[in-house]
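Text of run_22.pdb, listed as PDB, C-alpha atoms and all ligand atoms:
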```pdb
ATOM      1  CA  MET R   1      86.424  25.650 -25.953
ATOM      2  CA  ASP R   2      88.131  22.418 -26.979
ATOM      3  CA  LEU R   3      86.257  20.246 -29.469
ATOM      4  CA  SER R   4      89.211  17.956 -30.213
ATOM      5  CA  GLY R   5      88.045  14.502 -31.253
ATOM      6  CA  GLN R   6      84.489  15.698 -31.871
ATOM      7  CA  VAL R   7      82.643  15.611 -35.193
ATOM      8  CA  ALA R   8      80.283  18.360 -36.336
ATOM      9  CA  VAL R   9      77.770  18.127 -39.184
ATOM     10  CA  ILE R  10      76.659  21.468 -40.599
ATOM     11  CA  THR R  11      73.942  21.882 -43.221
ATOM     12  CA  GLY R  12      74.287  24.687 -45.760
ATOM     13  CA  GLY R  13      77.998  24.937 -45.017
ATOM     14  CA  ALA R  14      79.143  25.965 -48.504
ATOM     15  CA  ILE R  15      78.938  29.706 -47.920
ATOM     16  CA  GLY R  16      77.745  32.323 -45.459
ATOM     17  CA  ILE R  17      76.947  31.513 -41.858
ATOM     18  CA  GLY R  18      77.344  27.758 -42.348
ATOM     19  CA  ARG R  19      80.923  28.245 -43.531
ATOM     20  CA  GLY R  20      81.571  30.649 -40.616
ATOM     21  CA  ILE R  21      80.360  27.994 -38.173
ATOM     22  CA  ALA R  22      82.380  25.239 -39.898
ATOM     23  CA  VAL R  23      85.605  27.215 -39.633
ATOM     24  CA  ALA R  24      84.940  28.288 -36.010
ATOM     25  CA  LEU R  25      84.285  24.698 -34.931
ATOM     26  CA  ALA R  26      87.361  23.450 -36.800
ATOM     27  CA  GLN R  27      89.516  26.100 -35.136
ATOM     28  CA  ALA R  28      88.182  24.782 -31.810
ATOM     29  CA  GLY R  29      89.365  21.276 -32.767
ATOM     30  CA  ALA R  30      86.357  19.571 -34.416
ATOM     31  CA  ASN R  31      86.401  17.589 -37.617
ATOM     32  CA  VAL R  32      83.613  18.900 -39.825
ATOM     33  CA  ALA R  33      81.261  17.521 -42.486
ATOM     34  CA  THR R  34      79.249  20.070 -44.435
ATOM     35  CA  LEU R  35      76.091  19.059 -46.332
ATOM     36  CA  ASP R  36      75.222  21.343 -49.233
ATOM     37  CA  ILE R  37      73.902  21.520 -52.794
ATOM     38  CA  ASP R  38      76.748  23.810 -53.888
ATOM     39  CA  PRO R  39      79.714  21.481 -54.511
ATOM     40  CA  ALA R  40      82.237  24.227 -55.328
ATOM     41  CA  GLY R  41      81.475  26.300 -52.215
ATOM     42  CA  ASN R  42      81.330  23.154 -50.122
ATOM     43  CA  ALA R  43      84.771  22.044 -51.337
ATOM     44  CA  GLU R  44      86.155  25.455 -50.425
ATOM     45  CA  THR R  45      84.724  25.166 -46.907
ATOM     46  CA  ALA R  46      86.352  21.740 -46.531
ATOM     47  CA  ARG R  47      89.638  23.301 -47.643
ATOM     48  CA  LEU R  48      89.294  26.041 -44.990
ATOM     49  CA  VAL R  49      88.557  23.412 -42.328
ATOM     50  CA  GLN R  50      91.676  21.506 -43.387
ATOM     51  CA  GLU R  51      93.667  24.745 -43.251
ATOM     52  CA  SER R  52      92.751  24.786 -39.534
ATOM     53  CA  GLY R  53      94.419  21.379 -39.190
ATOM     54  CA  ARG R  54      91.199  19.332 -39.015
ATOM     55  CA  ILE R  55      89.463  16.922 -41.340
ATOM     56  CA  GLY R  56      86.913  18.665 -43.533
ATOM     57  CA  VAL R  57      84.519  16.653 -45.674
ATOM     58  CA  ALA R  58      82.178  18.215 -48.230
ATOM     59  CA  ILE R  59      79.091  16.087 -48.854
ATOM     60  CA  ASP R  60      76.787  16.824 -51.759
ATOM     61  CA  CYS R  61      73.302  16.650 -50.236
ATOM     62  CA  ASP R  62      69.942  18.314 -50.752
ATOM     63  CA  ILE R  63      68.601  18.282 -47.200
ATOM     64  CA  ALA R  64      65.041  18.559 -48.511
ATOM     65  CA  ASP R  65      65.417  14.990 -49.775
ATOM     66  CA  ARG R  66      65.220  12.485 -46.954
ATOM     67  CA  ALA R  67      66.935   9.692 -48.879
ATOM     68  CA  GLN R  68      69.891  11.990 -49.589
ATOM     69  CA  VAL R  69      70.085  13.012 -45.919
ATOM     70  CA  ARG R  70      70.142   9.386 -44.842
ATOM     71  CA  ARG R  71      72.939   8.597 -47.314
ATOM     72  CA  ALA R  72      74.906  11.694 -46.259
ATOM     73  CA  MET R  73      74.698  10.829 -42.560
ATOM     74  CA  SER R  74      75.780   7.231 -43.301
ATOM     75  CA  ASP R  75      78.694   8.696 -45.197
ATOM     76  CA  VAL R  76      79.638  10.846 -42.170
ATOM     77  CA  LEU R  77      79.479   7.781 -39.934
ATOM     78  CA  ARG R  78      81.575   5.722 -42.311
ATOM     79  CA  GLN R  79      84.237   8.407 -42.428
ATOM     80  CA  PHE R  80      84.226   9.576 -38.791
ATOM     81  CA  GLY R  81      82.332   6.958 -36.752
ATOM     82  CA  ARG R  82      80.524   9.576 -34.658
ATOM     83  CA  ILE R  83      78.408  12.757 -34.689
ATOM     84  CA  ASP R  84      78.728  15.065 -31.689
ATOM     85  CA  VAL R  85      77.240  18.277 -33.036
ATOM     86  CA  LEU R  86      74.527  18.871 -35.645
ATOM     87  CA  VAL R  87      73.983  22.435 -36.823
ATOM     88  CA  ASN R  88      70.758  22.840 -38.826
ATOM     89  CA  ASN R  89      71.700  25.945 -40.781
ATOM     90  CA  ALA R  90      70.561  25.604 -44.425
ATOM     91  CA  ALA R  91      67.628  27.763 -45.510
ATOM     92  CA  ILE R  92      66.411  29.707 -48.515
ATOM     93  CA  TYR R  93      64.675  33.039 -48.770
ATOM     94  CA  ILE R  94      62.481  33.093 -51.873
ATOM     95  CA  ASP R  95      59.290  34.796 -53.009
ATOM     96  CA  THR R  96      56.332  32.994 -51.450
ATOM     97  CA  SER R  97      53.902  35.943 -51.502
ATOM     98  CA  LEU R  98      50.224  35.266 -52.214
ATOM     99  CA  THR R  99      49.828  38.223 -54.566
ATOM    100  CA  ARG R 100      52.617  37.594 -57.119
ATOM    101  CA  GLY R 101      53.503  34.886 -59.601
ATOM    102  CA  THR R 102      51.179  32.058 -60.472
ATOM    103  CA  TYR R 103      49.463  29.395 -58.412
ATOM    104  CA  GLU R 104      52.049  26.876 -59.628
ATOM    105  CA  SER R 105      55.116  29.055 -59.007
ATOM    106  CA  GLN R 106      54.106  30.236 -55.545
ATOM    107  CA  THR R 107      52.910  26.922 -54.169
ATOM    108  CA  ARG R 108      56.098  25.279 -55.428
ATOM    109  CA  GLU R 109      58.303  27.909 -53.780
ATOM    110  CA  TYR R 110      56.347  27.705 -50.528
ATOM    111  CA  GLU R 111      56.795  23.935 -50.450
ATOM    112  CA  ARG R 112      60.521  24.372 -51.136
ATOM    113  CA  SER R 113      60.912  26.825 -48.215
ATOM    114  CA  ILE R 114      59.177  24.497 -45.805
ATOM    115  CA  ARG R 115      60.951  21.387 -47.101
ATOM    116  CA  ILE R 116      64.440  22.759 -46.633
ATOM    117  CA  CYS R 117      64.054  24.298 -43.186
ATOM    118  CA  ALA R 118      61.273  22.465 -41.457
ATOM    119  CA  LEU R 119      61.580  19.010 -42.994
ATOM    120  CA  GLY R 120      65.336  19.135 -43.672
ATOM    121  CA  SER R 121      66.133  19.904 -40.044
ATOM    122  CA  TYR R 122      63.894  17.013 -38.971
ATOM    123  CA  TYR R 123      65.524  14.575 -41.423
ATOM    124  CA  CYS R 124      68.997  15.543 -40.193
ATOM    125  CA  ALA R 125      68.026  15.297 -36.526
ATOM    126  CA  ARG R 126      66.270  11.976 -37.047
ATOM    127  CA  ALA R 127      69.392  10.540 -38.652
ATOM    128  CA  ALA R 128      71.864  12.010 -36.122
ATOM    129  CA  VAL R 129      70.013  11.437 -32.845
ATOM    130  CA  PRO R 130      70.390   7.617 -32.656
ATOM    131  CA  VAL R 131      74.140   8.066 -33.154
ATOM    132  CA  MET R 132      74.337  10.676 -30.374
ATOM    133  CA  GLN R 133      72.071   8.591 -28.169
ATOM    134  CA  GLN R 134      74.390   5.607 -28.500
ATOM    135  CA  ALA R 135      77.370   7.780 -27.572
ATOM    136  CA  GLY R 136      75.533   9.125 -24.514
ATOM    137  CA  GLY R 137      75.023  12.701 -25.676
ATOM    138  CA  GLY R 138      75.486  15.452 -28.199
ATOM    139  CA  ASN R 139      74.328  18.865 -29.304
ATOM    140  CA  ILE R 140      71.859  20.130 -31.873
ATOM    141  CA  VAL R 141      71.980  23.828 -32.726
ATOM    142  CA  ASN R 142      69.172  25.189 -34.906
ATOM    143  CA  ILE R 143      69.934  28.399 -36.772
ATOM    144  CA  ILE R 144      66.675  30.323 -36.819
ATOM    145  CA  THR R 145      66.203  34.113 -37.018
ATOM    146  CA  GLU R 146      65.197  37.084 -34.901
ATOM    147  CA  HIS R 147      61.828  36.979 -36.681
ATOM    148  CA  ILE R 148      60.486  34.567 -34.066
ATOM    149  CA  LYS R 149      60.722  37.454 -31.590
ATOM    150  CA  GLU R 150      57.692  39.698 -31.279
ATOM    151  CA  GLY R 151      58.246  42.978 -33.076
ATOM    152  CA  HIS R 152      60.686  41.413 -35.552
ATOM    153  CA  LEU R 153      58.160  39.670 -37.784
ATOM    154  CA  MET R 154      59.344  39.966 -41.334
ATOM    155  CA  THR R 155      57.338  41.525 -44.099
ATOM    156  CA  GLY R 156      58.264  41.115 -47.732
ATOM    157  CA  PRO R 157      57.877  38.638 -50.552
ATOM    158  CA  GLY R 158      59.608  35.727 -48.839
ATOM    159  CA  ALA R 159      58.164  36.187 -45.404
ATOM    160  CA  SER R 160      55.496  33.530 -45.062
ATOM    161  CA  GLY R 161      57.607  30.689 -46.486
ATOM    162  CA  TYR R 162      60.799  31.683 -44.684
ATOM    163  CA  ASP R 163      59.277  32.675 -41.363
ATOM    164  CA  GLY R 164      56.752  29.841 -41.434
ATOM    165  CA  ALA R 165      59.593  27.334 -41.760
ATOM    166  CA  LYS R 166      61.561  29.087 -39.013
ATOM    167  CA  TRP R 167      58.613  28.937 -36.633
ATOM    168  CA  VAL R 168      58.558  25.178 -37.137
ATOM    169  CA  MET R 169      62.280  25.006 -36.282
ATOM    170  CA  TRP R 170      61.624  27.108 -33.190
ATOM    171  CA  ARG R 171      59.000  24.663 -31.924
ATOM    172  CA  GLN R 172      61.212  21.710 -32.898
ATOM    173  CA  THR R 173      63.939  23.176 -30.682
ATOM    174  CA  GLU R 174      61.771  23.136 -27.568
ATOM    175  CA  SER R 175      60.077  19.810 -28.134
ATOM    176  CA  TRP R 176      63.292  18.008 -29.125
ATOM    177  CA  ALA R 177      64.996  19.456 -26.024
ATOM    178  CA  VAL R 178      62.338  17.923 -23.790
ATOM    179  CA  GLU R 179      62.444  14.568 -25.596
ATOM    180  CA  LEU R 180      66.236  14.316 -25.746
ATOM    181  CA  LYS R 181      67.209  15.626 -22.295
ATOM    182  CA  GLU R 182      67.286  12.163 -20.766
ATOM    183  CA  HIS R 183      69.664  11.067 -23.524
ATOM    184  CA  GLY R 184      72.163  13.835 -22.750
ATOM    185  CA  ILE R 185      71.421  15.631 -26.023
ATOM    186  CA  ARG R 186      71.085  19.398 -25.750
ATOM    187  CA  VAL R 187      69.018  21.295 -28.334
ATOM    188  CA  ASN R 188      69.284  25.059 -28.629
ATOM    189  CA  ALA R 189      68.583  27.728 -31.229
ATOM    190  CA  LEU R 190      70.269  30.914 -32.357
ATOM    191  CA  CYS R 191      67.792  33.620 -33.307
ATOM    192  CA  MET R 192      69.952  36.403 -34.600
ATOM    193  CA  GLY R 193      69.493  39.449 -36.756
ATOM    194  CA  ALA R 194      71.252  40.594 -39.896
ATOM    195  CA  THR R 195      74.510  38.846 -40.748
ATOM    196  CA  ASP R 196      76.639  39.690 -43.760
ATOM    197  CA  THR R 197      76.097  36.771 -46.161
ATOM    198  CA  PRO R 198      75.132  36.242 -49.813
ATOM    199  CA  MET R 199      71.525  35.716 -48.641
ATOM    200  CA  LEU R 200      71.406  39.128 -46.955
ATOM    201  CA  ARG R 201      73.361  40.875 -49.728
ATOM    202  CA  ALA R 202      70.636  39.735 -52.140
ATOM    203  CA  VAL R 203      68.139  41.660 -49.976
ATOM    204  CA  SER R 204      70.156  44.753 -48.976
ATOM    205  CA  VAL R 205      73.866  45.547 -49.368
ATOM    206  CA  PRO R 206      73.853  48.482 -46.864
ATOM    207  CA  ILE R 207      72.232  46.321 -44.166
ATOM    208  CA  ALA R 208      74.734  43.528 -44.913
ATOM    209  CA  GLU R 209      77.698  45.879 -44.609
ATOM    210  CA  ALA R 210      76.606  47.072 -41.154
ATOM    211  CA  ALA R 211      75.702  43.606 -39.946
ATOM    212  CA  MET R 212      77.447  40.912 -37.900
ATOM    213  CA  LYS R 213      80.002  38.726 -39.675
ATOM    214  CA  CYS R 214      79.671  34.987 -40.250
ATOM    215  CA  GLU R 215      82.520  34.276 -37.817
ATOM    216  CA  ASP R 216      80.526  36.085 -35.104
ATOM    217  CA  VAL R 217      77.750  33.498 -35.443
ATOM    218  CA  GLY R 218      80.434  30.782 -35.403
ATOM    219  CA  GLN R 219      81.560  32.160 -32.033
ATOM    220  CA  ALA R 220      77.943  32.158 -30.820
ATOM    221  CA  VAL R 221      77.691  28.416 -31.602
ATOM    222  CA  LEU R 222      80.948  27.789 -29.706
ATOM    223  CA  ASN R 223      79.631  29.743 -26.704
ATOM    224  CA  VAL R 224      76.449  27.643 -26.628
ATOM    225  CA  LEU R 225      78.503  24.421 -26.842
ATOM    226  CA  ALA R 226      80.870  25.645 -24.107
ATOM    227  CA  HIS R 227      78.256  24.947 -21.406
ATOM    228  CA  GLY R 228      78.971  21.252 -21.879
ATOM    229  CA  ASN R 229      76.890  18.294 -20.745
ATOM    230  CA  GLY R 230      74.132  19.405 -18.417
ATOM    231  CA  GLY R 231      74.156  22.930 -19.870
ATOM    232  CA  PRO R 232      70.987  24.775 -20.864
ATOM    233  CA  THR R 233      68.700  23.073 -23.370
ATOM    234  CA  GLY R 234      65.582  24.214 -25.218
ATOM    235  CA  MET R 235      66.862  27.799 -25.320
ATOM    236  CA  SER R 236      66.234  30.189 -28.211
ATOM    237  CA  TYR R 237      68.976  32.774 -27.866
ATOM    238  CA  VAL R 238      68.195  36.149 -29.434
ATOM    239  CA  PHE R 239      71.200  38.376 -30.186
ATOM    240  CA  GLY R 240      72.465  40.924 -32.680
ATOM    241  CA  THR R 241      69.019  42.043 -33.746
ATOM    242  CA  THR R 242      69.060  44.020 -36.996
ATOM    243  CA  GLY R 243      70.247  47.587 -36.455
ATOM    244  CA  THR R 244      72.350  46.718 -33.397
ATOM    245  CA  PRO R 245      75.934  48.000 -33.816
ATOM    246  CA  ARG R 246      78.344  45.078 -34.307
ATOM    247  CA  GLU R 247      80.311  45.871 -31.087
ATOM    248  CA  GLN R 248      77.085  45.495 -29.087
ATOM    249  CA  SER R 249      76.222  42.256 -30.918
ATOM    250  CA  LEU R 250      79.664  40.902 -30.006
ATOM    251  CA  LYS R 251      78.949  41.647 -26.328
ATOM    252  CA  GLU R 252      75.632  39.796 -26.615
ATOM    253  CA  ILE R 253      77.449  36.840 -28.187
ATOM    254  CA  ALA R 254      80.055  36.856 -25.397
ATOM    255  CA  ALA R 255      77.194  36.752 -22.863
ATOM    256  CA  LEU R 256      76.073  33.398 -24.313
ATOM    257  CA  ALA R 257      79.208  31.748 -22.913
ATOM    258  CA  PRO R 258      79.170  30.262 -19.397
ATOM    259  CA  SER R 259      80.052  32.845 -16.753
ATOM    260  CA  ARG R 260      83.424  32.163 -15.115
TER     261      ARG R 260
HETATM  262  N1  LIG R 301      72.081  36.294 -43.208
HETATM  263  C1  LIG R 301      71.289  36.750 -42.270
HETATM  264  O1  LIG R 301      71.125  37.958 -42.083
HETATM  265  C2  LIG R 301      70.577  35.779 -41.357
HETATM  266  C3  LIG R 301      69.963  36.290 -40.203
HETATM  267  C4  LIG R 301      69.310  35.396 -39.349
HETATM  268  C5  LIG R 301      69.299  34.047 -39.636
HETATM  269  N2  LIG R 301      69.912  33.596 -40.771
HETATM  270  C6  LIG R 301      69.873  32.160 -41.026
HETATM  271  O2  LIG R 301      71.208  31.666 -41.113
HETATM  272  C7  LIG R 301      71.233  30.526 -41.980
HETATM  273  C8  LIG R 301      72.303  30.726 -43.046
HETATM  274  O3  LIG R 301      71.945  31.871 -43.799
HETATM  275  P1  LIG R 301      72.946  32.555 -44.818
HETATM  276  O4  LIG R 301      72.593  34.001 -44.813
HETATM  277  O5  LIG R 301      74.335  32.110 -44.565
HETATM  278  O6  LIG R 301      72.396  31.920 -46.177
HETATM  279  P2  LIG R 301      73.118  31.731 -47.587
HETATM  280  O7  LIG R 301      72.043  31.761 -48.602
HETATM  281  O8  LIG R 301      74.225  32.718 -47.706
HETATM  282  O9  LIG R 301      73.684  30.242 -47.450
HETATM  283  C9  LIG R 301      72.785  29.163 -47.350
HETATM  284  C10 LIG R 301      73.498  27.862 -47.673
HETATM  285  O10 LIG R 301      72.508  26.820 -47.619
HETATM  286  C11 LIG R 301      72.672  25.997 -48.773
HETATM  287  N3  LIG R 301      71.422  25.340 -49.122
HETATM  288  C12 LIG R 301      70.306  25.905 -49.635
HETATM  289  N4  LIG R 301      69.382  24.955 -49.870
HETATM  290  C13 LIG R 301      69.932  23.776 -49.502
HETATM  291  C14 LIG R 301      69.465  22.425 -49.523
HETATM  292  N5  LIG R 301      68.263  22.103 -49.985
HETATM  293  N6  LIG R 301      70.294  21.455 -49.043
HETATM  294  C15 LIG R 301      71.545  21.758 -48.592
HETATM  295  N7  LIG R 301      72.027  23.023 -48.563
HETATM  296  C16 LIG R 301      71.229  24.012 -49.013
HETATM  297  C17 LIG R 301      73.127  26.969 -49.857
HETATM  298  O11 LIG R 301      73.727  26.295 -50.959
HETATM  299  C18 LIG R 301      74.103  27.837 -49.077
HETATM  300  O12 LIG R 301      75.388  27.254 -49.032
HETATM  301  C19 LIG R 301      69.825  30.384 -42.542
HETATM  302  O13 LIG R 301      69.117  29.443 -41.779
HETATM  303  C20 LIG R 301      69.240  31.773 -42.352
HETATM  304  O14 LIG R 301      67.845  31.722 -42.239
HETATM  305  C21 LIG R 301      70.550  34.426 -41.637
END
```

Would you write out, as structure tokens, the structure that this file holds?
Amino acid sequence: MDLSGQVAVITGGAIGIGRGIAVALAQAGANVATLDIDPAGNAETARLVQESGRIGVAIDCDIADRAQVRRAMSDVLRQFGRIDVLVNNAAIYIDTSLTRGTYESQTREYERSIRICALGSYYCARAAVPVMQQAGGGNIVNIITEHIKEGHLMTGPGASGYDGAKWVMWRQTESWAVELKEHGIRVNALCMGATDTPMLRAVSVPIAEAAMKCEDVGQAVLNVLAHGNGGPTGMSYVFGTTGTPREQSLKEIAALAPSR
């Protein structure tokens, strides 16, 4: 997969899966801008991108704030002049249960969950699409979760805020794909299981240790992009569901690539 000359924007790229995707895309030749609220982690990701011989730019941006997203995307355009790939990756997993905390705390956290995933992904897409449209095409990859698959619904304190936001992203994937097909913009989603990141380690260290690695998800994004213009759009690819041995997950990721 050769992404030379292309520009990728990745939200939540300061650590975890977002960093894994940033490095994978840079190793395939893309210049990368990461949007994040963690400046130190974001700077480190930019350094890793540069270590791969590409331009890496860390942009301080809370994607739940539409004015900040607009400024960040203008910044990307000023620096690179194009956006070929948008990866909507940032999310938070926080307690949004109905039976804990106070009315104030829980409603605030629920709003935060929805703002980051559901609204943030929309803000980023709304800013990037006209740029892609003008260039005649592009790719949006939404990072969702296996929870959209029946039988994988999450229970736990964060479930309704996290999963609710992810369901919105899932529906965005399909409706954007239909709307953007005529503009040559493909929209697909990755709906994977456990991946070893700070987010998962905060929930369960043993599950994180047995899980896929961030670079595996980076490879999954590359395999989706490898189909090129006219490739599948509106797909929600499920792979590496929690409990699947990593070797099997890697086979499922390899199967996302075009067959030779
Ligand atoms: N880790 C898993 O097991 C797993 C499984 C399936 C799906 N996912 C999804 O993968 C994505 C990445 O997850 P992760 O485990 O790497 O998470 P993480 O918590 O390790 O990293 C999330 C990143 O998003 C950033 N972020 C948070 N709020 C932000 C905001 N408002 N604006 C900009 N950046 C913000 C954080 O600073 C951080 O860099 C998420 O969408 C998550 O739902 C994760």

Please determine, counting all atoms listed in the file, which residue among R:Arg108, R:Arg71, R:His227, R:Arg246 has the shortest atom-to-atom distance to Arg260 in chain R.
R:His227

Residues proximal to (91.3, 20.6, -27.6) were defined as those with any atom within 12 Å of that point in the file's coordinates, counting all atoms listed in the file. Which are they, as a list of chain:residue names?
R:Met1, R:Asp2, R:Leu3, R:Ser4, R:Gly5, R:Gln6, R:Leu25, R:Ala26, R:Gln27, R:Ala28, R:Gly29, R:Ala30, R:Asn31, R:Arg54

So for ligand LIG 301 (chain R), what box centre and size do we get, axis-aligned, 6 Å extra on each of the six sides, every listed atom, Å to one decimal, as AutoDock Vina command-line options?
```
--center_x 71.6 --center_y 29.7 --center_z -45.2 --size_x 19.5 --size_y 28.5 --size_z 23.6
```

All residues within 6 Å of ligand LIG 301 (chain R) are required, counting all atoms listed in the file; please report them as a PyMOL selection string.
chain R and resi 11-18+35-38+61-64+89-92+116+143-145+192-200

Shortest interatomic distance to Val178 in chain R - which of R:Ile83, R:Ala254, R:Leu77, R:Met235, counting all atoms listed in the file
R:Met235

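Take the candidates R:Ser259, R:Val131, R:His147, R:Ala24 and check each one against Val76 in chain R using all atoms listed in the file; the shortest distance goes to R:Val131.
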
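When the PyMOL selection byres (((chain R and resi 98) around 12) and not hetatm) is run on the displayed coordinates, the residues it returns are Asp95, Thr96, Ser97, Thr99, Arg100, Gly101, Thr102, Tyr103, Glu104, Ser105, Gln106, Thr107, Glu109, Tyr110, Gly156, Pro157, Gly158, Ala159, Ser160 and Gly161 of chain R.
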
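Take CA of Glu111 in chain R and CA of His152 in chain R: the distance between them is 23.3 Å.
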
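This file, filtered with the PyMOL selection byres (((chain R and resi 49-53) around 7) and not hetatm), gives the residues Ala22, Val23, Ala26, Gln27, Thr45, Ala46, Arg47, Leu48, Arg54, Ile55 and Gly56 of chain R.
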
Specify as a ChimeraX atom specification each residue included when the PyMOL selection byres (((chain R and resi 215-217) around 8) and not hetatm) is applied to this file.
/R:17,20-21,23-24,212-214,218-221,250,253

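For the pair CA of Arg82 in chain R and CA of Gly136 in chain R, the separation is 11.3 Å.
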
May I have the protein, DNA and RNA residues with an atom at most 12 Å from (70.8, 6.9, -31.8), counting all atoms listed in the file in the file's coordinates, returned as a ChimeraX atom specification?
/R:77,82-84,125-138,180,183-185
